[in-house]
Amino acid sequence: TDAHAADIERLGNLRNIGISAHIDSGKTTVTERILYYTGRIKDIHEVRGKDNVGATMDWMELEREKGITIQSAATYAQWGDTNLNIIDTPGHVDFTIEVERALRVLDGAVLVLCSVGGVQSQTITVDRQMRRYNVPRISFINKMDRAGANPKRIIDQIRNKLKIPAAALQVPIGTEDAFEGVVDILANRAIYNRGARGEDIVYGEVPEHLVESVSAAREELVTILAEVDDEIAELFIEDKVPTVDQLHAAVRRATIARKFSPVLMGSAIKDKGIQSLLNAVIRYLPTPTEVKNTMLDINNNEAELTVVPHSDQPFVGLAFKLEEGKYGQLTYIRVYQGRLEKGQYAHHVKSGKKVKISRLVRMHSNSMEDVESVGAGEICALFGIDCASGDTFTDGSKYSMSTMFVPDPVISLSLTPKDKNAANFSKALNRFQKEDPTFRGMGELHLDIYVERMRREYNVDCVTGKPQVAFRETITRKSEFAYTHRKQTGGAGQFARVVGHIEPIDTAEAPHSFANEVVSGSIPPQYILACNKGFIDGLKEGPMIGHPVVGVGLVLTDGQAHSVDSSELAFRTATFFAFREAFKGSKPRILEPVMSVDVSVPTEFQGNVLASINKRKGLIIDTETQEDYCTISAEVPLNNMFGYSTELRSCTQGKGEFSMEYKRHAPVTADVQEELIKEHQKKLAEKK
């Protein structure tokens, strides 16, 4: 049908892309230039705004001040006939949940690398996330005008560190201060940016001194493509020279299959090379129809179904981002299949409620335009809809876009509002929880930003306590229990007796287990569930320091009930106290989160850093030296990592950086355990 053909044409001219990178590789600047050249903004502002305007994408006041991007603002732009949805993602390790959310709704990404720093700790994290969500990527080497720019080294790093075949599609004309433009290897012509802001593109002959290196680069490109693409491999074997069109097609196929990453270069701040990057995005990154997305059929035991990204299908969309705007909650939605129209009803799958779509908008970084309807594959925003991030909306069918991978929080911070007017305080907490499933904390910077946001957006000043680590408690040997709960208060009393044992179990399968081995019905079956509930109550707060208990299996073997006095409550209480009693005799241990920490520093500071990790009781796993940088991998207890960023900066003159990720929980040493227990008892005494 004509409508279907028009829909396919619309999808062919649509790209959902993200721009992600290590902090300070110039990602926001790249985005800003893209918006400028696509005619979305009138002036260009740098991130650390000297002119007090700040980059368009970094629109929260706080981001302008700290010069880092936190919220991934989704922006709509047009380049030629193609519509782009650009999602700006944060590059700071504390904000990984935002990055993951953005990658989930993208079809392709641009990985921005610094021409000097190259692949850094955060780049590796972002790369891992791109793999998790199968996102094809183009690599862009930015800051080609910096002293020490070396694109060849960076391409080697992409191949070796990120383990993805990559080859340059361009050769730079001059580097560092003398960087003038690039030579397009495929079209064999030089590209220069002229005009006040680089908006005029001038094509020229390849400079003579570069002719050889251009043909060498072209050979390298063909060789690498031959390894990942069958069509080029055949031509390569037959010694035929592929045509420009065949090369374009091969780069596109290999990029979408995630077997290859084309590399472009430029300098965003000097307005060079951005238009070629836009052309490459359109030429090599997939349309929404070329990416396989799956959803789960809730009625059919969460069976996987493939999403059909056409507008004539039933509607399915995913809310991936929430923001509190001037006019209430703004919900960003990616429409995976079907259409979303103004005035229609959508079903919120989690709560089963029907919601009316009263206003549909397309977002520019901080302004919006109203639209009547949005087709499959597009990203839009809705007003006044109550939901949490990661929720699915449909036309009534029971489908759910698969759940998002959320890391467990590792730090908690106590907050107390300074004045007693706490209405806004609870409002702010509620909103942050909806907005960010890891609101309980992924890292120090993450929590600081929230404290700041409370002050700015809700006028609530908070006093923050010392950050608290998510300890766990566990047992190391089997321990028997036989506990009788008796309470006689006139009238029906309470009576329950439970007998059994607790034993250590492997937490890999489940954090705890409950087994009922009661024979001959000495505990009536209707009370078994109550026993389990009592056990779970006991797990919530461990007897040692009040943290959750893991790795415990409880086995009930016998018990006794009274025909009148026994009740669910009695058995629940009995099991709770029985568990507490048995816990004492099971040689309990406290577990603490251990982080895998990657530190990259210039080699001259290697000694200082190793010493600082040893001082924090870290276990060094690996050190790797490359030219003048070395990367140290270690495992360090999180409790010893507070304030590390400050220490690292001071012992490496601000040149060192680190990233950490939760690895596992491991037992603390005996002296630390004693100290923690003492501290906990002191707190309890104070409360009384």
# chains A, B, ... in the order shown; residues from 1 in each chain; ligands from 1
>>> residues_around(residues="Ile155 of chain A", least_positions_apart="6", cutoff="9 Å", atoms="only C-alpha atoms", output="list in words")
Gly118, Ile141, Ala166, Ala167, Ala168 and Val263 of chain A
>>> write_last_selection(atoms="all heavy atoms", output="PDB file, in the first residue's frame")
ATOM      1  N   GLY A 118      42.879   9.203  23.891  1.00  0.00           N
ATOM      2  CA  GLY A 118      42.497   7.932  23.278  1.00  0.00           C
ATOM      3  C   GLY A 118      41.513   7.141  24.116  1.00  0.00           C
ATOM      4  O   GLY A 118      40.596   7.686  24.714  1.00  0.00           O
ATOM      5  N   ILE A 141      37.631  10.756  16.127  1.00  0.00           N
ATOM      6  CA  ILE A 141      38.777  11.233  16.893  1.00  0.00           C
ATOM      7  C   ILE A 141      38.725  12.760  16.900  1.00  0.00           C
ATOM      8  O   ILE A 141      38.917  13.396  15.876  1.00  0.00           O
ATOM      9  CB  ILE A 141      40.093  10.712  16.292  1.00  0.00           C
ATOM     10  CG1 ILE A 141      40.095   9.176  16.326  1.00  0.00           C
ATOM     11  CG2 ILE A 141      41.282  11.250  17.065  1.00  0.00           C
ATOM     12  CD1 ILE A 141      41.303   8.537  15.697  1.00  0.00           C
ATOM     13  N   ALA A 166      39.003  -1.719  13.256  1.00  0.00           N
ATOM     14  CA  ALA A 166      38.684  -0.338  12.903  1.00  0.00           C
ATOM     15  C   ALA A 166      39.680   0.132  11.864  1.00  0.00           C
ATOM     16  O   ALA A 166      40.811  -0.345  11.826  1.00  0.00           O
ATOM     17  CB  ALA A 166      38.773   0.547  14.141  1.00  0.00           C
ATOM     18  N   ALA A 167      39.245   1.053  11.012  1.00  0.00           N
ATOM     19  CA  ALA A 167      40.168   1.642  10.048  1.00  0.00           C
ATOM     20  C   ALA A 167      39.704   3.051   9.743  1.00  0.00           C
ATOM     21  O   ALA A 167      38.512   3.353   9.803  1.00  0.00           O
ATOM     22  CB  ALA A 167      40.219   0.809   8.775  1.00  0.00           C
ATOM     23  N   ALA A 168      40.661   3.918   9.415  1.00  0.00           N
ATOM     24  CA  ALA A 168      40.338   5.321   9.150  1.00  0.00           C
ATOM     25  C   ALA A 168      39.705   5.459   7.771  1.00  0.00           C
ATOM     26  O   ALA A 168      40.089   4.774   6.821  1.00  0.00           O
ATOM     27  CB  ALA A 168      41.607   6.143   9.235  1.00  0.00           C
ATOM     28  N   VAL A 263      36.507   5.015  11.287  1.00  0.00           N
ATOM     29  CA  VAL A 263      37.070   6.078  12.113  1.00  0.00           C
ATOM     30  C   VAL A 263      37.155   7.377  11.316  1.00  0.00           C
ATOM     31  O   VAL A 263      37.701   7.395  10.219  1.00  0.00           O
ATOM     32  CB  VAL A 263      38.480   5.698  12.614  1.00  0.00           C
ATOM     33  CG1 VAL A 263      39.048   6.801  13.497  1.00  0.00           C
ATOM     34  CG2 VAL A 263      38.435   4.389  13.379  1.00  0.00           C
TER      35      VAL A 263
END
>>> closest_atom_pairs(of="segment 530-567 of chain A", to="segment 653-677 of chain A", cutoff="10 Å", atoms="only C-alpha atoms", output="CSV")
residue,atom,partner,partner_atom,distance
A:Pro543,CA,A:Ile677,CA,9.5
A:Met544,CA,A:Ile677,CA,6.0
A:Ile545,CA,A:Ile677,CA,5.6
A:Gly546,CA,A:Ile677,CA,9.3
>>> write_last_selection(atoms="N, CA, C and O atoms", output="PDB file, in the first residue's frame")
ATOM      1  N   PRO A 543      21.572  -9.326  62.831  1.00  0.00           N
ATOM      2  CA  PRO A 543      21.786  -9.069  64.259  1.00  0.00           C
ATOM      3  C   PRO A 543      23.095  -8.341  64.554  1.00  0.00           C
ATOM      4  O   PRO A 543      23.232  -7.691  65.573  1.00  0.00           O
ATOM      5  N   MET A 544      24.102  -8.435  63.647  1.00  0.00           N
ATOM      6  CA  MET A 544      25.405  -7.845  63.979  1.00  0.00           C
ATOM      7  C   MET A 544      25.426  -6.331  63.793  1.00  0.00           C
ATOM      8  O   MET A 544      25.734  -5.588  64.714  1.00  0.00           O
ATOM      9  N   ILE A 545      25.143  -5.866  62.580  1.00  0.00           N
ATOM     10  CA  ILE A 545      25.220  -4.416  62.346  1.00  0.00           C
ATOM     11  C   ILE A 545      23.984  -3.885  61.627  1.00  0.00           C
ATOM     12  O   ILE A 545      23.997  -2.806  61.048  1.00  0.00           O
ATOM     13  N   GLY A 546      22.907  -4.692  61.608  1.00  0.00           N
ATOM     14  CA  GLY A 546      21.654  -4.196  61.048  1.00  0.00           C
ATOM     15  C   GLY A 546      21.618  -4.115  59.530  1.00  0.00           C
ATOM     16  O   GLY A 546      20.768  -3.441  58.970  1.00  0.00           O
TER      17      GLY A 546
END
>>> select_by_dssp(residues="segment 153-270 of chain A", states="strand (DSSP E)", output="number ranges by chain")
A: 166-168, 170-173, 181-184, 189-194, 200-204, 261-265
